[in-house]
>>> print(open('target-v3.pdb').read())   # PDB, C-alpha atoms
ATOM      1  CA  MET A   1     107.091 103.406  69.106
ATOM      2  CA  LYS A   2     109.033 106.573  69.973
ATOM      3  CA  MET A   3     108.638 107.498  73.628
ATOM      4  CA  GLU A   4     108.395 111.035  74.923
ATOM      5  CA  HIS A   5     110.629 112.034  77.817
ATOM      6  CA  LEU A   6     108.318 113.947  80.121
ATOM      7  CA  GLN A   7     109.504 117.109  81.849
ATOM      8  CA  GLY A   8     108.309 119.247  84.712
ATOM      9  CA  LEU A   9     106.059 118.275  87.592
ATOM     10  CA  ILE A  10     103.435 115.540  87.381
ATOM     11  CA  ALA A  11     101.194 115.375  90.430
ATOM     12  CA  ALA A  12     100.101 112.140  92.074
ATOM     13  CA  PRO A  13      96.539 113.204  92.944
ATOM     14  CA  PHE A  14      94.557 112.170  95.975
ATOM     15  CA  THR A  15      91.349 110.314  95.228
ATOM     16  CA  PRO A  16      88.542 112.567  96.501
ATOM     17  CA  MET A  17      86.199 110.905  98.979
ATOM     18  CA  HIS A  18      82.879 111.777 100.601
ATOM     19  CA  PRO A  19      82.707 111.615 104.423
ATOM     20  CA  ASN A  20      81.294 108.088 104.117
ATOM     21  CA  GLY A  21      84.371 106.931 102.195
ATOM     22  CA  MET A  22      82.722 106.755  98.774
ATOM     23  CA  LEU A  23      84.238 108.402  95.705
ATOM     24  CA  ASN A  24      83.601 112.113  95.213
ATOM     25  CA  LEU A  25      84.334 112.413  91.508
ATOM     26  CA  SER A  26      82.622 115.814  91.220
ATOM     27  CA  ILE A  27      85.776 117.452  92.639
ATOM     28  CA  ILE A  28      88.075 116.213  89.872
ATOM     29  CA  PRO A  29      87.379 118.992  87.293
ATOM     30  CA  ALA A  30      88.286 121.653  89.874
ATOM     31  CA  TYR A  31      91.289 119.553  90.909
ATOM     32  CA  TYR A  32      92.527 119.478  87.312
ATOM     33  CA  GLN A  33      92.070 123.237  86.927
ATOM     34  CA  MET A  34      94.010 123.856  90.144
ATOM     35  CA  LEU A  35      96.912 121.724  88.908
ATOM     36  CA  LYS A  36      96.932 123.586  85.573
ATOM     37  CA  THR A  37      96.881 126.944  87.363
ATOM     38  CA  ASN A  38     100.066 125.913  89.170
ATOM     39  CA  GLY A  39     101.930 124.679  86.097
ATOM     40  CA  VAL A  40     101.606 120.950  86.758
ATOM     41  CA  THR A  41     101.945 119.021  83.498
ATOM     42  CA  GLY A  42     100.118 115.777  84.282
ATOM     43  CA  ALA A  43      98.505 113.448  86.788
ATOM     44  CA  PHE A  44      99.573 109.990  87.963
ATOM     45  CA  ILE A  45      96.226 108.687  89.212
ATOM     46  CA  CYS A  46      95.384 105.777  91.518
ATOM     47  CA  GLY A  47      98.939 105.525  92.791
ATOM     48  CA  SER A  48     100.073 105.404  96.409
ATOM     49  CA  THR A  49      98.771 108.906  97.081
ATOM     50  CA  GLY A  50      95.570 108.093  95.199
ATOM     51  CA  GLU A  51      94.880 104.955  97.284
ATOM     52  CA  GLY A  52      94.847 102.745  94.214
ATOM     53  CA  VAL A  53      95.394  99.628  96.312
ATOM     54  CA  SER A  54      92.288 100.521  98.376
ATOM     55  CA  LEU A  55      89.973 101.001  95.389
ATOM     56  CA  THR A  56      87.897  98.378  93.630
ATOM     57  CA  ILE A  57      88.433  97.686  89.934
ATOM     58  CA  SER A  58      85.228  99.543  89.042
ATOM     59  CA  GLU A  59      86.235 102.501  91.218
ATOM     60  CA  LYS A  60      89.638 102.758  89.544
ATOM     61  CA  LYS A  61      87.909 102.801  86.180
ATOM     62  CA  ALA A  62      85.513 105.503  87.362
ATOM     63  CA  VAL A  63      88.371 107.663  88.630
ATOM     64  CA  ALA A  64      90.203 107.283  85.305
ATOM     65  CA  GLU A  65      87.081 108.162  83.332
ATOM     66  CA  ALA A  66      86.534 111.294  85.432
ATOM     67  CA  TRP A  67      90.092 112.505  84.784
ATOM     68  CA  VAL A  68      89.821 111.782  81.062
ATOM     69  CA  GLU A  69      86.518 113.626  80.802
ATOM     70  CA  CYS A  70      87.936 116.911  82.103
ATOM     71  CA  THR A  71      91.351 116.698  80.399
ATOM     72  CA  LYS A  72      90.513 115.212  76.991
ATOM     73  CA  GLN A  73      90.833 118.574  75.209
ATOM     74  CA  ASP A  74      94.209 119.273  76.826
ATOM     75  CA  LYS A  75      96.839 117.278  74.962
ATOM     76  CA  ASP A  76      99.635 118.907  76.953
ATOM     77  CA  PHE A  77      98.340 117.449  80.239
ATOM     78  CA  LYS A  78      99.349 113.796  80.524
ATOM     79  CA  VAL A  79      97.181 111.459  82.622
ATOM     80  CA  MET A  80      98.588 108.039  83.472
ATOM     81  CA  ALA A  81      97.126 105.412  85.780
ATOM     82  CA  LEU A  82      98.745 102.933  88.132
ATOM     83  CA  LEU A  83      97.460  99.404  87.619
ATOM     84  CA  ALA A  84      97.555  98.819  91.356
ATOM     85  CA  ASP A  85      96.655  95.195  91.840
ATOM     86  CA  THR A  86      98.319  91.894  92.700
ATOM     87  CA  SER A  87      96.181  90.139  90.074
ATOM     88  CA  ILE A  88      97.909  90.207  86.695
ATOM     89  CA  GLU A  89      94.608  89.603  84.914
ATOM     90  CA  ASP A  90      92.998  92.565  86.667
ATOM     91  CA  CYS A  91      95.977  94.696  85.639
ATOM     92  CA  LYS A  92      95.463  93.665  82.020
ATOM     93  CA  ASP A  93      91.786  94.563  82.291
ATOM     94  CA  LEU A  94      92.638  97.996  83.713
ATOM     95  CA  ALA A  95      95.261  98.566  81.019
ATOM     96  CA  LEU A  96      92.760  97.773  78.260
ATOM     97  CA  HIS A  97      90.250 100.107  79.877
ATOM     98  CA  ALA A  98      92.879 102.867  80.067
ATOM     99  CA  ARG A  99      93.540 102.535  76.345
ATOM    100  CA  SER A 100      89.830 102.476  75.506
ATOM    101  CA  ILE A 101      89.127 105.782  77.277
ATOM    102  CA  GLY A 102      92.233 107.579  76.026
ATOM    103  CA  LEU A 103      94.671 107.738  78.945
ATOM    104  CA  TYR A 104      98.201 108.765  78.013
ATOM    105  CA  ALA A 105      99.987 105.873  79.743
ATOM    106  CA  VAL A 106      99.761 103.119  82.326
ATOM    107  CA  SER A 107     102.082 102.105  85.123
ATOM    108  CA  PHE A 108     102.604  98.934  87.127
ATOM    109  CA  THR A 109     104.380  98.115  90.360
ATOM    110  CA  SER A 110     105.641  94.740  91.497
ATOM    111  CA  PRO A 111     103.293  92.204  93.074
ATOM    112  CA  TYR A 112     103.918  92.522  96.815
ATOM    113  CA  TYR A 113     102.307  89.357  98.237
ATOM    114  CA  PHE A 114     103.693  86.688  95.929
ATOM    115  CA  LYS A 115     106.845  88.603  95.073
ATOM    116  CA  PRO A 116     108.901  87.856  91.940
ATOM    117  CA  ALA A 117     111.892  85.672  92.767
ATOM    118  CA  ASP A 118     114.309  87.684  90.643
ATOM    119  CA  VAL A 119     114.420  90.628  88.264
ATOM    120  CA  GLY A 120     113.835  88.316  85.308
ATOM    121  CA  MET A 121     110.487  87.263  86.732
ATOM    122  CA  LEU A 122     109.555  90.889  87.397
ATOM    123  CA  ALA A 123     110.365  91.711  83.776
ATOM    124  CA  LYS A 124     108.252  88.775  82.613
ATOM    125  CA  VAL A 125     105.227  90.156  84.469
ATOM    126  CA  CYS A 126     105.799  93.652  83.078
ATOM    127  CA  ILE A 127     106.084  92.296  79.542
ATOM    128  CA  GLU A 128     102.874  90.300  79.876
ATOM    129  CA  ILE A 129     100.872  93.335  80.973
ATOM    130  CA  ALA A 130     102.504  95.844  78.624
ATOM    131  CA  SER A 131     101.896  93.552  75.662
ATOM    132  CA  VAL A 132      98.104  93.880  75.886
ATOM    133  CA  VAL A 133      98.337  97.641  75.152
ATOM    134  CA  PRO A 134     101.243  97.837  72.657
ATOM    135  CA  ASP A 135     100.363 101.388  71.572
ATOM    136  CA  LEU A 136     100.244 102.814  75.114
ATOM    137  CA  PRO A 137     103.374 103.908  77.038
ATOM    138  CA  PHE A 138     104.057 101.550  79.944
ATOM    139  CA  TYR A 139     106.026 102.642  83.022
ATOM    140  CA  TYR A 140     107.318 100.521  85.865
ATOM    141  CA  TYR A 141     106.747 102.091  89.292
ATOM    142  CA  HIS A 142     109.707 101.425  91.595
ATOM    143  CA  ILE A 143     108.725 101.942  95.242
ATOM    144  CA  PRO A 144     110.490  99.259  97.300
ATOM    145  CA  VAL A 145     109.565 100.858 100.642
ATOM    146  CA  LEU A 146     105.971  99.728  99.983
ATOM    147  CA  THR A 147     106.365  96.659  97.747
ATOM    148  CA  GLY A 148     109.395  95.106  99.426
ATOM    149  CA  VAL A 149     110.807  94.454  95.936
ATOM    150  CA  SER A 150     114.152  96.206  95.614
ATOM    151  CA  PHE A 151     115.941  94.882  92.528
ATOM    152  CA  PRO A 152     118.211  97.472  90.898
ATOM    153  CA  MET A 153     116.262  99.217  88.151
ATOM    154  CA  PHE A 154     119.349  99.172  85.947
ATOM    155  CA  ASP A 155     118.938  95.385  85.905
ATOM    156  CA  LEU A 156     115.252  95.715  85.032
ATOM    157  CA  LEU A 157     116.100  97.976  82.094
ATOM    158  CA  LYS A 158     118.540  95.363  80.820
ATOM    159  CA  GLU A 159     115.850  92.680  81.098
ATOM    160  CA  MET A 160     113.166  94.809  79.440
ATOM    161  CA  ASP A 161     115.191  96.483  76.693
ATOM    162  CA  GLY A 162     113.882  95.546  73.279
ATOM    163  CA  LYS A 163     111.287  93.103  74.621
ATOM    164  CA  VAL A 164     108.180  95.297  74.259
ATOM    165  CA  PRO A 165     108.097  98.470  72.132
ATOM    166  CA  ASN A 166     105.890 100.428  74.552
ATOM    167  CA  PHE A 167     108.114 100.156  77.640
ATOM    168  CA  ALA A 168     108.681 103.867  78.305
ATOM    169  CA  GLY A 169     110.647 104.008  81.533
ATOM    170  CA  ILE A 170     110.406 104.076  85.315
ATOM    171  CA  LYS A 171     108.779 106.145  88.035
ATOM    172  CA  TYR A 172     111.656 105.982  90.490
ATOM    173  CA  THR A 173     110.608 106.388  94.147
ATOM    174  CA  HIS A 174     113.752 105.322  95.947
ATOM    175  CA  GLU A 175     116.994 106.883  97.217
ATOM    176  CA  ASP A 176     119.591 104.911  95.227
ATOM    177  CA  PHE A 177     121.220 107.685  93.206
ATOM    178  CA  MET A 178     123.854 105.333  91.792
ATOM    179  CA  ASP A 179     121.153 103.140  90.301
ATOM    180  CA  PHE A 180     119.078 106.114  89.112
ATOM    181  CA  LEU A 181     122.042 107.704  87.328
ATOM    182  CA  SER A 182     122.895 104.406  85.647
ATOM    183  CA  CYS A 183     119.280 104.174  84.457
ATOM    184  CA  LEU A 184     119.445 107.711  83.056
ATOM    185  CA  HIS A 185     122.510 106.731  81.023
ATOM    186  CA  PHE A 186     121.250 103.296  79.957
ATOM    187  CA  ASN A 187     121.351 102.824  76.179
ATOM    188  CA  HIS A 188     122.202 106.493  75.567
ATOM    189  CA  GLY A 189     119.333 107.787  77.695
ATOM    190  CA  LYS A 190     116.687 105.749  75.925
ATOM    191  CA  TYR A 191     114.211 105.495  78.803
ATOM    192  CA  ASP A 192     112.178 108.130  80.596
ATOM    193  CA  MET A 193     113.241 108.256  84.262
ATOM    194  CA  LEU A 194     110.750 110.143  86.410
ATOM    195  CA  TRP A 195     111.944 111.064  89.893
ATOM    196  CA  GLY A 196     109.592 110.205  92.772
ATOM    197  CA  ARG A 197     111.164 111.480  96.006
ATOM    198  CA  ASP A 198     110.112 115.126  96.451
ATOM    199  CA  GLU A 199     112.376 115.640  99.466
ATOM    200  CA  ASN A 200     115.382 114.711  97.287
ATOM    201  CA  MET A 201     114.503 116.780  94.223
ATOM    202  CA  LEU A 202     117.713 118.847  94.302
ATOM    203  CA  PRO A 203     120.177 115.943  94.240
ATOM    204  CA  ALA A 204     118.074 114.292  91.534
ATOM    205  CA  LEU A 205     118.284 117.443  89.418
ATOM    206  CA  SER A 206     122.044 117.497  89.925
ATOM    207  CA  ILE A 207     122.455 114.127  88.209
ATOM    208  CA  GLY A 208     120.079 114.818  85.343
ATOM    209  CA  ALA A 209     116.425 114.328  86.335
ATOM    210  CA  LYS A 210     114.093 116.355  84.096
ATOM    211  CA  GLY A 211     110.661 115.087  85.114
ATOM    212  CA  ALA A 212     109.180 114.120  88.463
ATOM    213  CA  ILE A 213     106.008 112.587  89.883
ATOM    214  CA  GLY A 214     105.134 113.511  93.441
ATOM    215  CA  SER A 215     102.383 113.924  95.996
ATOM    216  CA  THR A 216     103.515 117.288  97.364
ATOM    217  CA  PHE A 217     103.268 118.819  93.881
ATOM    218  CA  ASN A 218      99.502 118.784  94.519
ATOM    219  CA  TYR A 219      99.751 121.494  97.147
ATOM    220  CA  ALA A 220     103.217 123.039  96.771
ATOM    221  CA  ALA A 221     104.022 123.072  93.049
ATOM    222  CA  PRO A 222     105.297 126.699  93.095
ATOM    223  CA  LEU A 223     107.965 125.748  95.632
ATOM    224  CA  TYR A 224     109.391 123.060  93.349
ATOM    225  CA  TYR A 225     109.291 125.207  90.226
ATOM    226  CA  ASP A 226     111.207 127.877  92.131
ATOM    227  CA  LEU A 227     113.690 125.192  93.188
ATOM    228  CA  ILE A 228     114.116 124.009  89.581
ATOM    229  CA  GLU A 229     114.594 127.597  88.386
ATOM    230  CA  ALA A 230     117.194 128.276  91.063
ATOM    231  CA  PHE A 231     119.072 125.117  90.108
ATOM    232  CA  ASN A 232     118.953 125.948  86.388
ATOM    233  CA  ASN A 233     120.328 129.418  87.187
ATOM    234  CA  ASN A 234     123.191 127.879  89.209
ATOM    235  CA  ASN A 235     121.896 129.517  92.378
ATOM    236  CA  LEU A 236     122.619 126.552  94.610
ATOM    237  CA  ILE A 237     122.278 128.482  97.870
ATOM    238  CA  LEU A 238     118.693 129.388  97.005
ATOM    239  CA  ALA A 239     117.997 125.877  95.663
ATOM    240  CA  GLN A 240     119.212 124.384  98.953
ATOM    241  CA  LYS A 241     116.999 126.769 100.922
ATOM    242  CA  LEU A 242     113.958 125.812  98.861
ATOM    243  CA  GLN A 243     114.701 122.106  99.233
ATOM    244  CA  GLN A 244     114.869 122.632 102.981
ATOM    245  CA  GLN A 245     111.421 124.253 102.852
ATOM    246  CA  SER A 246     110.195 121.132 101.079
ATOM    247  CA  ILE A 247     111.746 118.936 103.761
ATOM    248  CA  ASP A 248     110.202 121.009 106.568
ATOM    249  CA  MET A 249     106.806 120.611 104.901
ATOM    250  CA  ILE A 250     107.244 116.877 104.392
ATOM    251  CA  ARG A 251     108.353 116.389 108.008
ATOM    252  CA  LEU A 252     104.837 117.411 109.034
ATOM    253  CA  LEU A 253     103.513 114.401 107.128
ATOM    254  CA  GLY A 254     105.379 112.167 109.539
ATOM    255  CA  LYS A 255     104.490 114.225 112.584
ATOM    256  CA  TYR A 256     100.759 113.928 111.917
ATOM    257  CA  GLY A 257     100.554 110.288 110.887
ATOM    258  CA  GLY A 258     101.808 109.913 107.330
ATOM    259  CA  ILE A 259     100.171 109.919 103.931
ATOM    260  CA  ALA A 260      96.709 111.105 105.058
ATOM    261  CA  THR A 261      98.287 114.410 106.144
ATOM    262  CA  GLY A 262      98.512 115.251 102.445
ATOM    263  CA  LYS A 263      94.745 115.633 102.318
ATOM    264  CA  ALA A 264      94.996 118.067 105.240
ATOM    265  CA  TYR A 265      97.367 120.176 103.123
ATOM    266  CA  MET A 266      94.815 120.006 100.300
ATOM    267  CA  LYS A 267      92.125 121.290 102.642
ATOM    268  CA  LEU A 268      94.335 124.266 103.481
ATOM    269  CA  ILE A 269      94.547 125.278  99.813
ATOM    270  CA  GLY A 270      90.774 125.039  99.431
ATOM    271  CA  LEU A 271      90.229 121.584  97.936
ATOM    272  CA  ASP A 272      88.694 119.225 100.478
ATOM    273  CA  CYS A 273      89.331 115.660  99.256
ATOM    274  CA  GLY A 274      87.893 114.005 102.370
ATOM    275  CA  GLY A 275      89.787 111.320 104.234
ATOM    276  CA  PHE A 276      91.675 108.115 103.511
ATOM    277  CA  ARG A 277      90.128 104.662 103.685
ATOM    278  CA  LEU A 278      91.098 102.101 106.273
ATOM    279  CA  PRO A 279      93.673 101.022 107.288
ATOM    280  CA  VAL A 280      95.158 104.518 106.920
ATOM    281  CA  LYS A 281      94.642 106.714 109.991
ATOM    282  CA  ASN A 282      93.091 110.128 109.399
ATOM    283  CA  MET A 283      93.800 113.291 111.350
ATOM    284  CA  SER A 284      91.523 114.284 114.239
ATOM    285  CA  ASP A 285      89.948 117.767 114.377
ATOM    286  CA  ASN A 286      92.224 118.647 117.277
ATOM    287  CA  ASP A 287      95.309 117.537 115.366
ATOM    288  CA  PHE A 288      94.161 119.534 112.339
ATOM    289  CA  ASP A 289      94.144 122.690 114.476
ATOM    290  CA  LEU A 290      97.683 121.912 115.647
ATOM    291  CA  PHE A 291      98.692 121.106 112.079
ATOM    292  CA  LYS A 292      97.469 124.495 110.860
ATOM    293  CA  LYS A 293      99.653 126.196 113.462
ATOM    294  CA  ASP A 294     102.662 124.176 112.332
ATOM    295  CA  THR A 295     102.065 125.073 108.687
ATOM    296  CA  ALA A 296     102.002 128.735 109.671
ATOM    297  CA  GLN A 297     105.411 128.252 111.318
ATOM    298  CA  ILE A 298     106.890 127.053 108.002
ATOM    299  CA  ASN A 299     105.117 129.821 106.037
ATOM    300  CA  PHE A 300     103.193 127.294 103.955
ATOM    301  CA  ASN A 301     100.952 130.031 102.507
ATOM    302  CA  SER A 302     103.995 131.669 100.917
ATOM    303  CA  PHE A 303     104.773 128.726  98.633
ATOM    304  CA  CYS A 304     101.620 126.607  98.422
ATOM    305  CA  SER A 305      99.663 125.903  95.253
ATOM    306  CA  LYS A 306      97.030 128.498  94.463
ATOM    307  CA  SER A 307      93.336 127.997  93.858
ATOM    308  CA  SER A 308      92.168 127.985  90.237
ATOM    309  CA  ALA A 309      89.415 130.445  91.129
TER     310      ALA A 309
END
>>> encode(input="target-v3.pdb", output="structure tokens")
Amino acid sequence: MKMEHLQGLIAAPFTPMHPNGMLNLSIIPAYYQMLKTNGVTGAFICGSTGEGVSLTISEKKAVAEAWVECTKQDKDFKVMALLADTSIEDCKDLALHARSIGLYAVSFTSPYYFKPADVGMLAKVCIEIASVVPDLPFYYYHIPVLTGVSFPMFDLLKEMDGKVPNFAGIKYTHEDFMDFLSCLHFNHGKYDMLWGRDENMLPALSIGAKGAIGSTFNYAAPLYYDLIEAFNNNNLILAQKLQQQSIDMIRLLGKYGGIATGKAYMKLIGLDCGGFRLPVKNMSDNDFDLFKKDTAQINFNSFCSKSSA
């Protein structure tokens, strides 16, 4: 099958939760409309940002169904789901469900408890899962900082090439630009390489990235589209300035505890997605007040995503 090379920004949405930690699927239609308003071209659901590893199988299916329901008439908006599980059989089940409800694609990241011994074993697992949905694009999700599996993706492409027709490419969330560039050039650019480090968008653009999946695109998509435009217009001084704004924004994630801070940014733009499940630490009310002051210091309101209202 001929694979599309995706372009533009694909958001990695947060999974909306009620205060009691249960799914709040009623927010997803408004979430989708907000992403569309800000030019986002797709959603990578149930990934790291979406707490896929903290959801049950039935919850992941419910989240996928909710996204399909509100996007099914929009063929230009691509929804793909991470099959976030260490059980290969559960991943197959989720892949079959994704195909049955009409998702655009599925993605899989390495098992992180019993890790594959070498890149050949990783490819074997990918092939086994991808083979159950041969008509659905299959992406590998490379995020060694969380999985502890750090084989070069150029080697994975060599192992996967020609083995399954629906292997589409890689969501690349790592800082190895040598490896990423080699993947872009592999077999005359055959595979779709989606960049996954928002704070390094500019250097990724400089070596040929065309599409990206990121968490900060949820609440700051205009900033990144301005960055891309500046780069395309050869205005590197402006592009560097905009990348620095991105970095200043992302530094606040670390200052206030990590990934859950993203939902605080979402609250600032008017979409309250609740908190994260354990073991992730959520922000206290006092810290949220301090956080709001820090976002004012970086002029977050000047480049944040806008409400769909």
>>> axis_aligned_box(input="target-v3.pdb", around="region 3-22 of chain A", padding_each_side="3 Å", output="lines of an AutoDock Vina configuration file")
center_x = 96.0
center_y = 113.0
center_z = 89.0
size_x = 35.3
size_y = 18.5
size_z = 36.8
>>> closest_residue(input="target-v3.pdb", among="A:Ile298, A:Gly275, A:Ser307, A:Lys293", to="Pro19 (chain A)", atoms="all atoms listed in the file")
A:Gly275
>>> atom_distance(input="target-v3.pdb", atom1="CA of Ile28 (chain A)", atom2="CA of Met80 (chain A)")
14.8 Å
>>> closest_residue(input="target-v3.pdb", among="A:Thr56, A:Gly262, A:Met153, A:Asp135", to="Ala123 (chain A)", atoms="all atoms listed in the file")
A:Met153
>>> atom_distance(input="target-v3.pdb", atom1="CA of Asp85 (chain A)", atom2="CA of Asn20 (chain A)")
23.5 Å
>>> resolve_selection(input="target-v3.pdb", expression="the PyMOL selection byres ((chain A and resi 79) around 8)", output="list in words")
Gly42, Ala43, Phe44, Ile45, Trp67, Val68, Phe77, Lys78, Met80, Ala81, Leu103, Tyr104 and Ala105 of chain A
>>> write_last_selection(input="target-v3.pdb", atoms="C-alpha atoms", output="mmCIF file, in the coordinates of the input")
data_model
loop_
_atom_site.group_PDB
_atom_site.id
_atom_site.type_symbol
_atom_site.label_atom_id
_atom_site.label_comp_id
_atom_site.auth_asym_id
_atom_site.auth_seq_id
_atom_site.Cartn_x
_atom_site.Cartn_y
_atom_site.Cartn_z
ATOM 1 C CA GLY A 42 100.118 115.777 84.282
ATOM 2 C CA ALA A 43 98.505 113.448 86.788
ATOM 3 C CA PHE A 44 99.573 109.990 87.963
ATOM 4 C CA ILE A 45 96.226 108.687 89.212
ATOM 5 C CA TRP A 67 90.092 112.505 84.784
ATOM 6 C CA VAL A 68 89.821 111.782 81.062
ATOM 7 C CA PHE A 77 98.340 117.449 80.239
ATOM 8 C CA LYS A 78 99.349 113.796 80.524
ATOM 9 C CA MET A 80 98.588 108.039 83.472
ATOM 10 C CA ALA A 81 97.126 105.412 85.780
ATOM 11 C CA LEU A 103 94.671 107.738 78.945
ATOM 12 C CA TYR A 104 98.201 108.765 78.013
ATOM 13 C CA ALA A 105 99.987 105.873 79.743
#
>>> closest_residue(input="target-v3.pdb", among="A:Thr15, A:Asn24, A:Ser100, A:Asn200", to="Gln243 (chain A)", atoms="all atoms listed in the file")
A:Asn200
>>> closest_residue(input="target-v3.pdb", among="A:Pro152, A:Pro13, A:Gly169, A:Pro134", to="Ser48 (chain A)", atoms="all atoms listed in the file")
A:Pro13
>>> resolve_selection(input="target-v3.pdb", expression="the PyMOL selection byres ((chain A and resi 125) around 12)", output="PyMOL selection string")
chain A and resi 86-89+91-92+108-111+115-124+126-132+140+156+159-160+163-164
>>> decode(input="target-v3.pdb", residues="region 169-182 of chain A", atoms="N, CA and C atoms", output="PDB file, in the first residue's frame")
ATOM      1  N   GLY A 169       6.189   4.282   8.961  1.00  0.00           N
ATOM      2  CA  GLY A 169       7.297   5.115   9.383  1.00  0.00           C
ATOM      3  C   GLY A 169       7.434   5.156  10.893  1.00  0.00           C
ATOM      4  N   ILE A 170       7.982   6.267  11.388  1.00  0.00           N
ATOM      5  CA  ILE A 170       8.359   6.353  12.804  1.00  0.00           C
ATOM      6  C   ILE A 170       7.977   7.713  13.381  1.00  0.00           C
ATOM      7  N   LYS A 171       7.394   7.689  14.554  1.00  0.00           N
ATOM      8  CA  LYS A 171       7.268   8.896  15.385  1.00  0.00           C
ATOM      9  C   LYS A 171       8.555   8.965  16.201  1.00  0.00           C
ATOM     10  N   TYR A 172       9.368   9.963  15.931  1.00  0.00           N
ATOM     11  CA  TYR A 172      10.741   9.991  16.418  1.00  0.00           C
ATOM     12  C   TYR A 172      10.887  10.994  17.562  1.00  0.00           C
ATOM     13  N   THR A 173      10.819  10.513  18.805  1.00  0.00           N
ATOM     14  CA  THR A 173      10.944  11.375  19.978  1.00  0.00           C
ATOM     15  C   THR A 173      12.279  11.098  20.657  1.00  0.00           C
ATOM     16  N   HIS A 174      13.313  11.655  20.071  1.00  0.00           N
ATOM     17  CA  HIS A 174      14.678  11.459  20.536  1.00  0.00           C
ATOM     18  C   HIS A 174      15.517  12.572  19.930  1.00  0.00           C
ATOM     19  N   GLU A 175      16.762  12.718  20.391  1.00  0.00           N
ATOM     20  CA  GLU A 175      17.604  13.842  19.972  1.00  0.00           C
ATOM     21  C   GLU A 175      18.743  13.434  19.039  1.00  0.00           C
ATOM     22  N   ASP A 176      18.698  12.255  18.459  1.00  0.00           N
ATOM     23  CA  ASP A 176      19.792  11.778  17.617  1.00  0.00           C
ATOM     24  C   ASP A 176      19.549  12.232  16.182  1.00  0.00           C
ATOM     25  N   PHE A 177      20.062  13.418  15.844  1.00  0.00           N
ATOM     26  CA  PHE A 177      19.810  13.980  14.521  1.00  0.00           C
ATOM     27  C   PHE A 177      20.521  13.196  13.419  1.00  0.00           C
ATOM     28  N   MET A 178      21.642  12.586  13.734  1.00  0.00           N
ATOM     29  CA  MET A 178      22.332  11.752  12.749  1.00  0.00           C
ATOM     30  C   MET A 178      21.444  10.583  12.334  1.00  0.00           C
ATOM     31  N   ASP A 179      20.868   9.917  13.318  1.00  0.00           N
ATOM     32  CA  ASP A 179      19.988   8.794  13.045  1.00  0.00           C
ATOM     33  C   ASP A 179      18.725   9.253  12.318  1.00  0.00           C
ATOM     34  N   PHE A 180      18.141  10.366  12.767  1.00  0.00           N
ATOM     35  CA  PHE A 180      16.906  10.859  12.147  1.00  0.00           C
ATOM     36  C   PHE A 180      17.133  11.209  10.674  1.00  0.00           C
ATOM     37  N   LEU A 181      18.236  11.885  10.380  1.00  0.00           N
ATOM     38  CA  LEU A 181      18.527  12.244   8.992  1.00  0.00           C
ATOM     39  C   LEU A 181      18.728  10.999   8.138  1.00  0.00           C
ATOM     40  N   SER A 182      19.419  10.011   8.678  1.00  0.00           N
ATOM     41  CA  SER A 182      19.614   8.762   7.931  1.00  0.00           C
ATOM     42  C   SER A 182      18.286   8.080   7.651  1.00  0.00           C
TER      43      SER A 182
END
